[in-house]
Amino acid sequence: IRLHYLTRHGQDILSSLLSALEWAQQGTKLYPSWPALWVDLAHLYLMRAEHQTAQGQESKPDLEEAVATLRRALQAQPQDIPAHAALGQALVRLAARDYNHGENPLPLLTQAREHFSTVLGAAAHRDNAEAGAGLRESFILEAEYRLALGQDAAQAMAEALQTARRDATAHKDSADAQDGLARVLLAQAQQSLSRGEDPSAALAEGTQAIERGHRLRPSDPILLSREGDLFLMAARFQHALRRPVDADLRRAQTALTAALQANKQRADTYVTLARCHLLHAQTSTGNTAAMALVHGLDASAKALAISPGSATALLAQGLLLLAQAERAPVAQRLAMVQPAIAALGSALRANPLLAAEGREALGRAHALEFVPHRR
């Protein structure tokens, strides 16, 4: 529990984690038929994988080790419910890693749901909440993957929303359950906005879920970051309607600033902040727009310092650099657009599933190379 708390708040846990891993490995050697020890060891592998992901390092070996460890636990006791719940979570985490690298997560998600079904099919058990959360995450990952491919994601989105609402109602005292609902509603709002539909209902319900989460866990960086995501999405909708975005952007930036005060090591929060500055620039003129781009690039640089090679951070950086180049005098554009092309290309190589936004921006960037320049 202590390691989870420290991780949430951006504290360095590596030395403590390595010590805990050593003890857990020794425990499984001494008592190989005790499933609980294998489950504890797997959770530590998952925590190290989370640490690696946050640092921009490859986490797949530890994720695969966690899966293998839990399979050994189930060999010792096939009906062990905590092992089934943990294995489902490990498979979802491995699927998320694959999705974030542009790979197909669906086979792993199918396997994960089988283990969650085993947990939920048993009598009331303390692991039911973990299984429900994992099931929700499996459906939202599937929906996001299908949307990235341009496929129909309606069924997966509906399953995710149903599961998330059920969990948020059943576990009203769980901030994680409220955040899980907000995460699904944010994805639903994104889907609606991409279709030209009104996402306001999903955003309002998501904001209410975050407010419940804040009452349960004040000043939590994950909840605050999600709140920033929701208000940024609201601002994007207002921008699509050609309405003022200032109020929603201020609320987004306030939430994101508070999130970074609680945890300065969350790259995703900096990426959202960079996106806020990009939208501010797109809806402003003159020096105000120029300074917004500078602030956005600073946020994207901080994200990349925390998580080098992050595809979403590289994409945000590329979009900001492209916006700078497009606003520059014609004679300067050719030189200024080259870093944008490099960042956008790196983002797409890191995660081809970002192509919907990345390729369009890359096309605009390459077009600037052929604009006549003064000699």
# chains A, B, ... in the order shown; residues from 1 in each chain; ligands from 1
>>> closest_atom_pairs(of="segment 123-198 of chain A", to="segment 214-219 of chain A", cutoff="9 Å", atoms="only C-alpha atoms", output="CSV")
residue,atom,partner,partner_atom,distance
A:Asp173,CA,A:Leu216,CA,6.8
A:Ser174,CA,A:Leu216,CA,7.2
A:Ala175,CA,A:Leu216,CA,5.8
>>> select_by_dssp(residues="segment 96-146 of chain A", states="alpha helix (DSSP H)", output="number ranges by chain")
A: 96-100, 106-121, 128-146
>>> write_last_selection(atoms="N, CA and C atoms", output="compact mmCIF listing (two decimals), in the first residue's frame")
# COMPACT_ATOMS: atom_id res chain seq x y z
N ALA A 96 -2.45 -2.93 -22.62
CA ALA A 96 -2.31 -1.47 -22.70
C ALA A 96 -0.93 -1.08 -23.22
N ARG A 97 0.09 -1.82 -22.77
CA ARG A 97 1.44 -1.56 -23.29
C ARG A 97 1.47 -1.77 -24.80
N ASP A 98 0.88 -2.87 -25.26
CA ASP A 98 0.88 -3.14 -26.70
C ASP A 98 0.10 -2.07 -27.47
N TYR A 99 -1.05 -1.66 -26.93
CA TYR A 99 -1.85 -0.62 -27.57
C TYR A 99 -1.05 0.68 -27.68
N ASN A 100 -0.31 1.05 -26.64
CA ASN A 100 0.45 2.29 -26.65
C ASN A 100 1.67 2.22 -27.57
N LEU A 106 -6.25 -6.89 -28.58
CA LEU A 106 -7.51 -7.63 -28.41
C LEU A 106 -7.32 -9.06 -27.90
N PRO A 107 -6.35 -9.85 -28.40
CA PRO A 107 -6.21 -11.21 -27.86
C PRO A 107 -5.95 -11.25 -26.36
N LEU A 108 -5.10 -10.34 -25.88
CA LEU A 108 -4.82 -10.29 -24.43
C LEU A 108 -6.04 -9.85 -23.65
N LEU A 109 -6.82 -8.93 -24.20
CA LEU A 109 -8.03 -8.47 -23.51
C LEU A 109 -9.05 -9.61 -23.39
N THR A 110 -9.15 -10.43 -24.43
CA THR A 110 -10.06 -11.59 -24.38
C THR A 110 -9.64 -12.55 -23.26
N GLN A 111 -8.34 -12.81 -23.16
CA GLN A 111 -7.85 -13.68 -22.09
C GLN A 111 -8.14 -13.08 -20.72
N ALA A 112 -7.92 -11.78 -20.59
CA ALA A 112 -8.16 -11.12 -19.30
C ALA A 112 -9.61 -11.26 -18.86
N ARG A 113 -10.54 -11.11 -19.79
CA ARG A 113 -11.96 -11.18 -19.43
C ARG A 113 -12.35 -12.57 -18.94
N GLU A 114 -11.69 -13.59 -19.43
CA GLU A 114 -11.97 -14.94 -18.95
C GLU A 114 -11.65 -15.05 -17.46
N HIS A 115 -10.54 -14.46 -17.05
CA HIS A 115 -10.17 -14.52 -15.63
C HIS A 115 -11.07 -13.62 -14.78
N PHE A 116 -11.45 -12.46 -15.30
CA PHE A 116 -12.37 -11.61 -14.56
C PHE A 116 -13.73 -12.30 -14.39
N SER A 117 -14.17 -13.01 -15.41
CA SER A 117 -15.44 -13.74 -15.33
C SER A 117 -15.39 -14.80 -14.23
N THR A 118 -14.24 -15.46 -14.09
CA THR A 118 -14.08 -16.45 -13.02
C THR A 118 -14.24 -15.79 -11.66
N VAL A 119 -13.65 -14.62 -11.50
CA VAL A 119 -13.76 -13.90 -10.22
C VAL A 119 -15.19 -13.47 -9.96
N LEU A 120 -15.82 -12.86 -10.94
CA LEU A 120 -17.17 -12.33 -10.75
C LEU A 120 -18.20 -13.44 -10.67
N GLY A 121 -17.87 -14.62 -11.19
CA GLY A 121 -18.78 -15.75 -11.10
C GLY A 121 -18.74 -16.45 -9.77
N ASN A 128 -13.76 -8.79 -6.18
CA ASN A 128 -14.76 -8.44 -7.18
C ASN A 128 -14.56 -7.02 -7.70
N ALA A 129 -14.18 -6.09 -6.80
CA ALA A 129 -13.97 -4.70 -7.22
C ALA A 129 -12.81 -4.61 -8.20
N GLU A 130 -11.73 -5.33 -7.92
CA GLU A 130 -10.58 -5.33 -8.83
C GLU A 130 -10.95 -5.93 -10.18
N ALA A 131 -11.74 -6.99 -10.16
CA ALA A 131 -12.16 -7.62 -11.42
C ALA A 131 -13.07 -6.69 -12.21
N GLY A 132 -13.98 -6.01 -11.51
CA GLY A 132 -14.86 -5.07 -12.20
C GLY A 132 -14.09 -3.93 -12.85
N ALA A 133 -13.10 -3.41 -12.12
CA ALA A 133 -12.27 -2.34 -12.68
C ALA A 133 -11.49 -2.83 -13.88
N GLY A 134 -10.95 -4.04 -13.78
CA GLY A 134 -10.20 -4.60 -14.90
C GLY A 134 -11.08 -4.84 -16.12
N LEU A 135 -12.30 -5.29 -15.87
CA LEU A 135 -13.23 -5.52 -16.97
C LEU A 135 -13.56 -4.21 -17.68
N ARG A 136 -13.80 -3.18 -16.88
CA ARG A 136 -14.06 -1.84 -17.45
C ARG A 136 -12.88 -1.39 -18.30
N GLU A 137 -11.67 -1.55 -17.77
CA GLU A 137 -10.49 -1.11 -18.51
C GLU A 137 -10.31 -1.90 -19.80
N SER A 138 -10.66 -3.18 -19.77
CA SER A 138 -10.52 -4.00 -20.98
C SER A 138 -11.45 -3.51 -22.08
N PHE A 139 -12.66 -3.12 -21.71
CA PHE A 139 -13.61 -2.64 -22.71
C PHE A 139 -13.22 -1.27 -23.26
N ILE A 140 -12.73 -0.38 -22.38
CA ILE A 140 -12.38 0.95 -22.88
C ILE A 140 -11.13 0.88 -23.75
N LEU A 141 -10.21 -0.01 -23.43
CA LEU A 141 -9.04 -0.21 -24.29
C LEU A 141 -9.46 -0.73 -25.68
N GLU A 142 -10.40 -1.66 -25.68
CA GLU A 142 -10.89 -2.17 -26.96
C GLU A 142 -11.55 -1.05 -27.76
N ALA A 143 -12.36 -0.23 -27.07
CA ALA A 143 -13.04 0.86 -27.76
C ALA A 143 -12.03 1.84 -28.35
N GLU A 144 -11.02 2.19 -27.56
CA GLU A 144 -10.01 3.14 -28.05
C GLU A 144 -9.23 2.57 -29.23
N TYR A 145 -8.93 1.30 -29.16
CA TYR A 145 -8.20 0.66 -30.26
C TYR A 145 -9.04 0.66 -31.53
N ARG A 146 -10.30 0.29 -31.40
CA ARG A 146 -11.16 0.25 -32.59
C ARG A 146 -11.37 1.66 -33.17
>>> atom_distance(atom1="atom CA of Ala154 of chain A", atom2="atom CA of Ala202 of chain A")
14.8 Å
>>> residues_around(residues="segment 292-297 of chain A", least_positions_apart="5", cutoff="6 Å", atoms="only C-alpha atoms", output="VMD selection string")
chain A and resid 274 277 281
>>> residues_around(residues="Gly213 of chain A", least_positions_apart="3", cutoff="12 Å", atoms="only C-alpha atoms", output="PDB file with all heavy atoms, in the first residue's frame")
ATOM      1  N   ALA A 168     -19.129   2.361 -10.160  1.00  0.00           N
ATOM      2  CA  ALA A 168     -19.168   3.634  -9.441  1.00  0.00           C
ATOM      3  C   ALA A 168     -20.337   3.680  -8.460  1.00  0.00           C
ATOM      4  O   ALA A 168     -20.250   4.309  -7.403  1.00  0.00           O
ATOM      5  CB  ALA A 168     -19.255   4.789 -10.429  1.00  0.00           C
ATOM      6  N   HIS A 171     -19.508   0.942  -5.604  1.00  0.00           N
ATOM      7  CA  HIS A 171     -18.351   1.307  -4.781  1.00  0.00           C
ATOM      8  C   HIS A 171     -18.281   2.827  -4.659  1.00  0.00           C
ATOM      9  O   HIS A 171     -17.329   3.463  -5.109  1.00  0.00           O
ATOM     10  CB  HIS A 171     -17.078   0.737  -5.387  1.00  0.00           C
ATOM     11  CG  HIS A 171     -17.117  -0.744  -5.599  1.00  0.00           C
ATOM     12  ND1 HIS A 171     -17.009  -1.647  -4.561  1.00  0.00           N
ATOM     13  CD2 HIS A 171     -17.291  -1.482  -6.717  1.00  0.00           C
ATOM     14  CE1 HIS A 171     -17.100  -2.883  -5.045  1.00  0.00           C
ATOM     15  NE2 HIS A 171     -17.282  -2.803  -6.346  1.00  0.00           N
ATOM     16  N   LYS A 172     -19.302   3.394  -4.034  1.00  0.00           N
ATOM     17  CA  LYS A 172     -19.383   4.848  -3.891  1.00  0.00           C
ATOM     18  C   LYS A 172     -18.264   5.420  -3.036  1.00  0.00           C
ATOM     19  O   LYS A 172     -17.976   6.616  -3.107  1.00  0.00           O
ATOM     20  CB  LYS A 172     -20.741   5.230  -3.296  1.00  0.00           C
ATOM     21  CG  LYS A 172     -21.915   4.933  -4.217  1.00  0.00           C
ATOM     22  CD  LYS A 172     -23.237   5.330  -3.587  1.00  0.00           C
ATOM     23  CE  LYS A 172     -24.407   5.041  -4.525  1.00  0.00           C
ATOM     24  NZ  LYS A 172     -25.710   5.403  -3.922  1.00  0.00           N
ATOM     25  N   ASP A 173     -17.637   4.565  -2.223  1.00  0.00           N
ATOM     26  CA  ASP A 173     -16.545   5.019  -1.366  1.00  0.00           C
ATOM     27  C   ASP A 173     -15.181   4.825  -2.016  1.00  0.00           C
ATOM     28  O   ASP A 173     -14.148   4.984  -1.359  1.00  0.00           O
ATOM     29  CB  ASP A 173     -16.582   4.282  -0.030  1.00  0.00           C
ATOM     30  CG  ASP A 173     -16.469   2.770  -0.193  1.00  0.00           C
ATOM     31  OD1 ASP A 173     -16.633   2.285  -1.334  1.00  0.00           O
ATOM     32  OD2 ASP A 173     -16.225   2.081   0.813  1.00  0.00           O
ATOM     33  N   SER A 174     -15.156   4.504  -3.299  1.00  0.00           N
ATOM     34  CA  SER A 174     -13.897   4.260  -4.013  1.00  0.00           C
ATOM     35  C   SER A 174     -13.621   5.393  -5.000  1.00  0.00           C
ATOM     36  O   SER A 174     -14.355   5.574  -5.977  1.00  0.00           O
ATOM     37  CB  SER A 174     -13.945   2.928  -4.763  1.00  0.00           C
ATOM     38  OG  SER A 174     -12.844   2.816  -5.648  1.00  0.00           O
ATOM     39  N   ALA A 175     -12.552   6.150  -4.746  1.00  0.00           N
ATOM     40  CA  ALA A 175     -12.167   7.203  -5.675  1.00  0.00           C
ATOM     41  C   ALA A 175     -11.739   6.613  -7.015  1.00  0.00           C
ATOM     42  O   ALA A 175     -11.965   7.211  -8.073  1.00  0.00           O
ATOM     43  CB  ALA A 175     -11.032   8.034  -5.077  1.00  0.00           C
ATOM     44  N   ASP A 176     -11.138   5.426  -6.978  1.00  0.00           N
ATOM     45  CA  ASP A 176     -10.720   4.785  -8.227  1.00  0.00           C
ATOM     46  C   ASP A 176     -11.919   4.435  -9.105  1.00  0.00           C
ATOM     47  O   ASP A 176     -11.855   4.549 -10.334  1.00  0.00           O
ATOM     48  CB  ASP A 176      -9.912   3.518  -7.931  1.00  0.00           C
ATOM     49  CG  ASP A 176      -8.545   3.829  -7.355  1.00  0.00           C
ATOM     50  OD1 ASP A 176      -8.011   4.919  -7.651  1.00  0.00           O
ATOM     51  OD2 ASP A 176      -8.012   2.988  -6.603  1.00  0.00           O
ATOM     52  N   ALA A 177     -13.027   3.995  -8.478  1.00  0.00           N
ATOM     53  CA  ALA A 177     -14.221   3.670  -9.252  1.00  0.00           C
ATOM     54  C   ALA A 177     -14.805   4.921  -9.902  1.00  0.00           C
ATOM     55  O   ALA A 177     -15.268   4.881 -11.053  1.00  0.00           O
ATOM     56  CB  ALA A 177     -15.259   2.998  -8.358  1.00  0.00           C
ATOM     57  N   GLN A 178     -14.768   6.048  -9.188  1.00  0.00           N
ATOM     58  CA  GLN A 178     -15.280   7.300  -9.748  1.00  0.00           C
ATOM     59  C   GLN A 178     -14.380   7.772 -10.893  1.00  0.00           C
ATOM     60  O   GLN A 178     -14.862   8.223 -11.937  1.00  0.00           O
ATOM     61  CB  GLN A 178     -15.365   8.376  -8.663  1.00  0.00           C
ATOM     62  CG  GLN A 178     -16.149   7.972  -7.421  1.00  0.00           C
ATOM     63  CD  GLN A 178     -17.508   7.372  -7.723  1.00  0.00           C
ATOM     64  OE1 GLN A 178     -18.247   7.879  -8.585  1.00  0.00           O
ATOM     65  NE2 GLN A 178     -17.867   6.299  -7.031  1.00  0.00           N
ATOM     66  N   ASP A 179     -13.062   7.644 -10.701  1.00  0.00           N
ATOM     67  CA  ASP A 179     -12.137   8.016 -11.768  1.00  0.00           C
ATOM     68  C   ASP A 179     -12.314   7.098 -12.979  1.00  0.00           C
ATOM     69  O   ASP A 179     -12.220   7.553 -14.130  1.00  0.00           O
ATOM     70  CB  ASP A 179     -10.694   7.935 -11.261  1.00  0.00           C
ATOM     71  CG  ASP A 179      -9.692   8.258 -12.360  1.00  0.00           C
ATOM     72  OD1 ASP A 179      -9.737   9.382 -12.895  1.00  0.00           O
ATOM     73  OD2 ASP A 179      -8.874   7.380 -12.689  1.00  0.00           O
ATOM     74  N   GLY A 180     -12.573   5.814 -12.735  1.00  0.00           N
ATOM     75  CA  GLY A 180     -12.793   4.887 -13.835  1.00  0.00           C
ATOM     76  C   GLY A 180     -13.991   5.280 -14.681  1.00  0.00           C
ATOM     77  O   GLY A 180     -13.953   5.205 -15.917  1.00  0.00           O
ATOM     78  N   LEU A 181     -15.064   5.717 -14.011  1.00  0.00           N
ATOM     79  CA  LEU A 181     -16.240   6.181 -14.742  1.00  0.00           C
ATOM     80  C   LEU A 181     -15.896   7.427 -15.556  1.00  0.00           C
ATOM     81  O   LEU A 181     -16.281   7.544 -16.734  1.00  0.00           O
ATOM     82  CB  LEU A 181     -17.386   6.468 -13.767  1.00  0.00           C
ATOM     83  CG  LEU A 181     -18.657   7.070 -14.377  1.00  0.00           C
ATOM     84  CD1 LEU A 181     -19.235   6.172 -15.462  1.00  0.00           C
ATOM     85  CD2 LEU A 181     -19.698   7.315 -13.281  1.00  0.00           C
ATOM     86  N   ALA A 182     -15.156   8.343 -14.941  1.00  0.00           N
ATOM     87  CA  ALA A 182     -14.781   9.570 -15.659  1.00  0.00           C
ATOM     88  C   ALA A 182     -13.918   9.250 -16.871  1.00  0.00           C
ATOM     89  O   ALA A 182     -14.053   9.883 -17.925  1.00  0.00           O
ATOM     90  CB  ALA A 182     -14.035  10.515 -14.716  1.00  0.00           C
ATOM     91  N   GLY A 206     -19.033  12.975 -16.306  1.00  0.00           N
ATOM     92  CA  GLY A 206     -17.649  12.715 -15.931  1.00  0.00           C
ATOM     93  C   GLY A 206     -17.157  13.679 -14.866  1.00  0.00           C
ATOM     94  O   GLY A 206     -16.454  13.280 -13.924  1.00  0.00           O
ATOM     95  N   THR A 207     -17.504  14.948 -15.004  1.00  0.00           N
ATOM     96  CA  THR A 207     -17.104  15.948 -14.013  1.00  0.00           C
ATOM     97  C   THR A 207     -17.727  15.648 -12.657  1.00  0.00           C
ATOM     98  O   THR A 207     -17.085  15.791 -11.604  1.00  0.00           O
ATOM     99  CB  THR A 207     -17.511  17.352 -14.489  1.00  0.00           C
ATOM    100  OG1 THR A 207     -16.882  17.614 -15.761  1.00  0.00           O
ATOM    101  CG2 THR A 207     -17.079  18.414 -13.494  1.00  0.00           C
ATOM    102  N   GLN A 208     -18.984  15.204 -12.655  1.00  0.00           N
ATOM    103  CA  GLN A 208     -19.637  14.831 -11.388  1.00  0.00           C
ATOM    104  C   GLN A 208     -18.923  13.652 -10.730  1.00  0.00           C
ATOM    105  O   GLN A 208     -18.748  13.618  -9.511  1.00  0.00           O
ATOM    106  CB  GLN A 208     -21.102  14.486 -11.647  1.00  0.00           C
ATOM    107  CG  GLN A 208     -21.956  15.684 -12.041  1.00  0.00           C
ATOM    108  CD  GLN A 208     -23.325  15.277 -12.571  1.00  0.00           C
ATOM    109  OE1 GLN A 208     -23.685  14.092 -12.576  1.00  0.00           O
ATOM    110  NE2 GLN A 208     -24.096  16.250 -13.023  1.00  0.00           N
ATOM    111  N   ALA A 209     -18.483  12.693 -11.538  1.00  0.00           N
ATOM    112  CA  ALA A 209     -17.747  11.550 -10.994  1.00  0.00           C
ATOM    113  C   ALA A 209     -16.439  12.006 -10.363  1.00  0.00           C
ATOM    114  O   ALA A 209     -16.048  11.543  -9.276  1.00  0.00           O
ATOM    115  CB  ALA A 209     -17.483  10.517 -12.089  1.00  0.00           C
ATOM    116  N   ILE A 210     -15.736  12.941 -11.014  1.00  0.00           N
ATOM    117  CA  ILE A 210     -14.488  13.462 -10.467  1.00  0.00           C
ATOM    118  C   ILE A 210     -14.746  14.222  -9.169  1.00  0.00           C
ATOM    119  O   ILE A 210     -13.964  14.115  -8.202  1.00  0.00           O
ATOM    120  CB  ILE A 210     -13.785  14.364 -11.498  1.00  0.00           C
ATOM    121  CG1 ILE A 210     -13.260  13.521 -12.661  1.00  0.00           C
ATOM    122  CG2 ILE A 210     -12.647  15.148 -10.854  1.00  0.00           C
ATOM    123  CD1 ILE A 210     -12.205  12.501 -12.275  1.00  0.00           C
ATOM    124  N   LEU A 216     -13.576  12.015  -1.788  1.00  0.00           N
ATOM    125  CA  LEU A 216     -12.999  10.815  -1.184  1.00  0.00           C
ATOM    126  C   LEU A 216     -11.482  10.900  -1.058  1.00  0.00           C
ATOM    127  O   LEU A 216     -10.897  10.376  -0.100  1.00  0.00           O
ATOM    128  CB  LEU A 216     -13.365   9.590  -2.036  1.00  0.00           C
ATOM    129  CG  LEU A 216     -14.852   9.235  -2.077  1.00  0.00           C
ATOM    130  CD1 LEU A 216     -15.138   8.278  -3.234  1.00  0.00           C
ATOM    131  CD2 LEU A 216     -15.281   8.593  -0.757  1.00  0.00           C
ATOM    132  N   ARG A 217     -10.835  11.551  -2.024  1.00  0.00           N
ATOM    133  CA  ARG A 217      -9.373  11.608  -2.028  1.00  0.00           C
ATOM    134  C   ARG A 217      -8.949  12.993  -2.525  1.00  0.00           C
ATOM    135  O   ARG A 217      -8.586  13.173  -3.682  1.00  0.00           O
ATOM    136  CB  ARG A 217      -8.822  10.503  -2.928  1.00  0.00           C
ATOM    137  CG  ARG A 217      -7.383  10.110  -2.632  1.00  0.00           C
ATOM    138  CD  ARG A 217      -7.074   8.713  -3.142  1.00  0.00           C
ATOM    139  NE  ARG A 217      -7.224   8.616  -4.582  1.00  0.00           N
ATOM    140  CZ  ARG A 217      -7.436   7.459  -5.229  1.00  0.00           C
ATOM    141  NH1 ARG A 217      -7.515   6.330  -4.553  1.00  0.00           N
ATOM    142  NH2 ARG A 217      -7.551   7.424  -6.538  1.00  0.00           N
ATOM    143  N   PRO A 218      -8.966  13.989  -1.611  1.00  0.00           N
ATOM    144  CA  PRO A 218      -8.638  15.366  -2.013  1.00  0.00           C
ATOM    145  C   PRO A 218      -7.200  15.480  -2.529  1.00  0.00           C
ATOM    146  O   PRO A 218      -6.301  14.756  -2.100  1.00  0.00           O
ATOM    147  CB  PRO A 218      -8.816  16.164  -0.716  1.00  0.00           C
ATOM    148  CG  PRO A 218      -9.683  15.306   0.156  1.00  0.00           C
ATOM    149  CD  PRO A 218      -9.344  13.888  -0.196  1.00  0.00           C
ATOM    150  N   SER A 219      -7.005  16.388  -3.457  1.00  0.00           N
ATOM    151  CA  SER A 219      -5.681  16.716  -3.999  1.00  0.00           C
ATOM    152  C   SER A 219      -4.988  15.520  -4.643  1.00  0.00           C
ATOM    153  O   SER A 219      -3.756  15.439  -4.668  1.00  0.00           O
ATOM    154  CB  SER A 219      -4.784  17.306  -2.897  1.00  0.00           C
ATOM    155  OG  SER A 219      -5.364  18.452  -2.333  1.00  0.00           O
ATOM    156  N   ASP A 220      -5.769  14.596  -5.171  1.00  0.00           N
ATOM    157  CA  ASP A 220      -5.185  13.430  -5.816  1.00  0.00           C
ATOM    158  C   ASP A 220      -4.738  13.798  -7.227  1.00  0.00           C
ATOM    159  O   ASP A 220      -5.530  14.326  -8.020  1.00  0.00           O
ATOM    160  CB  ASP A 220      -6.208  12.295  -5.874  1.00  0.00           C
ATOM    161  CG  ASP A 220      -5.627  11.050  -6.521  1.00  0.00           C
ATOM    162  OD1 ASP A 220      -4.916  10.313  -5.833  1.00  0.00           O
ATOM    163  OD2 ASP A 220      -5.879  10.832  -7.726  1.00  0.00           O
ATOM    164  N   PRO A 221      -3.477  13.525  -7.588  1.00  0.00           N
ATOM    165  CA  PRO A 221      -2.984  13.964  -8.906  1.00  0.00           C
ATOM    166  C   PRO A 221      -3.671  13.291 -10.081  1.00  0.00           C
ATOM    167  O   PRO A 221      -3.812  13.904 -11.144  1.00  0.00           O
ATOM    168  CB  PRO A 221      -1.491  13.604  -8.848  1.00  0.00           C
ATOM    169  CG  PRO A 221      -1.369  12.573  -7.773  1.00  0.00           C
ATOM    170  CD  PRO A 221      -2.438  12.887  -6.776  1.00  0.00           C
ATOM    171  N   ILE A 222      -4.099  12.045  -9.923  1.00  0.00           N
ATOM    172  CA  ILE A 222      -4.748  11.357 -11.034  1.00  0.00           C
ATOM    173  C   ILE A 222      -6.144  11.936 -11.273  1.00  0.00           C
ATOM    174  O   ILE A 222      -6.545  12.189 -12.420  1.00  0.00           O
ATOM    175  CB  ILE A 222      -4.801   9.846 -10.767  1.00  0.00           C
ATOM    176  CG1 ILE A 222      -3.382   9.268 -10.762  1.00  0.00           C
ATOM    177  CG2 ILE A 222      -5.667   9.129 -11.807  1.00  0.00           C
ATOM    178  CD1 ILE A 222      -3.291   7.804 -10.439  1.00  0.00           C
ATOM    179  N   LEU A 223      -6.885  12.159 -10.206  1.00  0.00           N
ATOM    180  CA  LEU A 223      -8.212  12.764 -10.345  1.00  0.00           C
ATOM    181  C   LEU A 223      -8.115  14.175 -10.923  1.00  0.00           C
ATOM    182  O   LEU A 223      -8.899  14.563 -11.793  1.00  0.00           O
ATOM    183  CB  LEU A 223      -8.910  12.795  -8.987  1.00  0.00           C
ATOM    184  CG  LEU A 223      -9.365  11.449  -8.420  1.00  0.00           C
ATOM    185  CD1 LEU A 223      -9.738  11.596  -6.950  1.00  0.00           C
ATOM    186  CD2 LEU A 223     -10.549  10.903  -9.199  1.00  0.00           C
ATOM    187  N   LEU A 224      -7.145  14.950 -10.441  1.00  0.00           N
ATOM    188  CA  LEU A 224      -6.980  16.314 -10.934  1.00  0.00           C
ATOM    189  C   LEU A 224      -6.585  16.329 -12.407  1.00  0.00           C
ATOM    190  O   LEU A 224      -7.059  17.161 -13.183  1.00  0.00           O
ATOM    191  CB  LEU A 224      -5.929  17.037 -10.094  1.00  0.00           C
ATOM    192  CG  LEU A 224      -6.377  17.435  -8.684  1.00  0.00           C
ATOM    193  CD1 LEU A 224      -5.172  17.771  -7.813  1.00  0.00           C
ATOM    194  CD2 LEU A 224      -7.340  18.619  -8.744  1.00  0.00           C
ATOM    195  N   ARG A 226      -7.340  14.022 -14.600  1.00  0.00           N
ATOM    196  CA  ARG A 226      -8.537  13.638 -15.361  1.00  0.00           C
ATOM    197  C   ARG A 226      -9.501  14.820 -15.474  1.00  0.00           C
ATOM    198  O   ARG A 226     -10.136  15.031 -16.530  1.00  0.00           O
ATOM    199  CB  ARG A 226      -9.252  12.471 -14.671  1.00  0.00           C
ATOM    200  CG  ARG A 226     -10.333  11.839 -15.522  1.00  0.00           C
ATOM    201  CD  ARG A 226      -9.763  10.811 -16.464  1.00  0.00           C
ATOM    202  NE  ARG A 226      -9.203   9.684 -15.725  1.00  0.00           N
ATOM    203  CZ  ARG A 226      -8.294   8.851 -16.203  1.00  0.00           C
ATOM    204  NH1 ARG A 226      -7.825   9.008 -17.430  1.00  0.00           N
ATOM    205  NH2 ARG A 226      -7.841   7.853 -15.467  1.00  0.00           N
ATOM    206  N   GLU A 227      -9.619  15.601 -14.413  1.00  0.00           N
ATOM    207  CA  GLU A 227     -10.460  16.792 -14.459  1.00  0.00           C
ATOM    208  C   GLU A 227      -9.959  17.757 -15.538  1.00  0.00           C
ATOM    209  O   GLU A 227     -10.751  18.331 -16.298  1.00  0.00           O
ATOM    210  CB  GLU A 227     -10.456  17.478 -13.092  1.00  0.00           C
ATOM    211  CG  GLU A 227     -11.358  18.695 -12.997  1.00  0.00           C
ATOM    212  CD  GLU A 227     -11.358  19.317 -11.618  1.00  0.00           C
ATOM    213  OE1 GLU A 227     -10.540  18.917 -10.759  1.00  0.00           O
ATOM    214  OE2 GLU A 227     -12.182  20.218 -11.387  1.00  0.00           O
TER     215      GLU A 227
END
>>> residues_around(residues="segment 61-69 of chain A", least_positions_apart="2", cutoff="7 Å", atoms="only C-alpha atoms", output="VMD selection string")
chain A and resid 38 42 45 to 46 49 59 71 to 73 87 90 to 91 94
>>> closest_residue(among="A:Ala290, A:Ser307, A:Phe231, A:Thr283", to="Glu50 of chain A", atoms="only C-alpha atoms")
A:Ser307
>>> residues_around(residues="Gln188 of chain A", least_positions_apart="4", cutoff="12 Å", atoms="only C-alpha atoms", output="ChimeraX atom specification")
/A:140,143-144,147,153-161,181-184,192-195,197-206,230,233
>>> closest_residue(among="A:Ala189, A:Ala331, A:Leu279, A:Ala311", to="Ala267 of chain A", atoms="only C-alpha atoms")
A:Ala311
>>> residues_around(residues="Ala20 of chain A", least_positions_apart="5", cutoff="9 Å", atoms="only C-alpha atoms", output="CSV table (one decimal) with all heavy atoms, in the first residue's frame")
chain,number,residue,atom,x,y,z
A,15,SER,N,14.4,1.7,-5.0
A,15,SER,CA,15.2,0.9,-4.1
A,15,SER,C,14.3,0.1,-3.2
A,15,SER,O,14.6,-1.1,-2.9
A,15,SER,CB,16.1,1.9,-3.2
A,15,SER,OG,15.3,2.8,-2.5
A,25,GLN,N,10.7,-13.0,-4.1
A,25,GLN,CA,11.3,-14.1,-4.9
A,25,GLN,C,11.8,-15.2,-3.9
A,25,GLN,O,11.6,-16.4,-4.2
A,25,GLN,CB,12.4,-13.6,-5.7
A,25,GLN,CG,11.9,-12.7,-6.9
A,25,GLN,CD,13.1,-11.9,-7.6
A,25,GLN,OE1,14.1,-11.7,-7.0
A,25,GLN,NE2,12.8,-11.4,-8.8
A,41,LEU,N,4.3,-11.4,-5.5
A,41,LEU,CA,5.5,-11.2,-6.4
A,41,LEU,C,5.0,-10.6,-7.7
A,41,LEU,O,5.7,-9.7,-8.2
A,41,LEU,CB,6.2,-12.6,-6.7
A,41,LEU,CG,7.4,-12.5,-7.6
A,41,LEU,CD1,8.4,-11.6,-7.2
A,41,LEU,CD2,7.9,-14.0,-7.8
A,44,LEU,N,4.4,-6.9,-7.5
A,44,LEU,CA,5.7,-6.1,-7.5
A,44,LEU,C,6.3,-6.0,-8.9
A,44,LEU,O,6.8,-4.9,-9.3
A,44,LEU,CB,6.7,-6.8,-6.6
A,44,LEU,CG,6.3,-6.7,-5.1
A,44,LEU,CD1,7.2,-7.6,-4.2
A,44,LEU,CD2,6.4,-5.3,-4.6
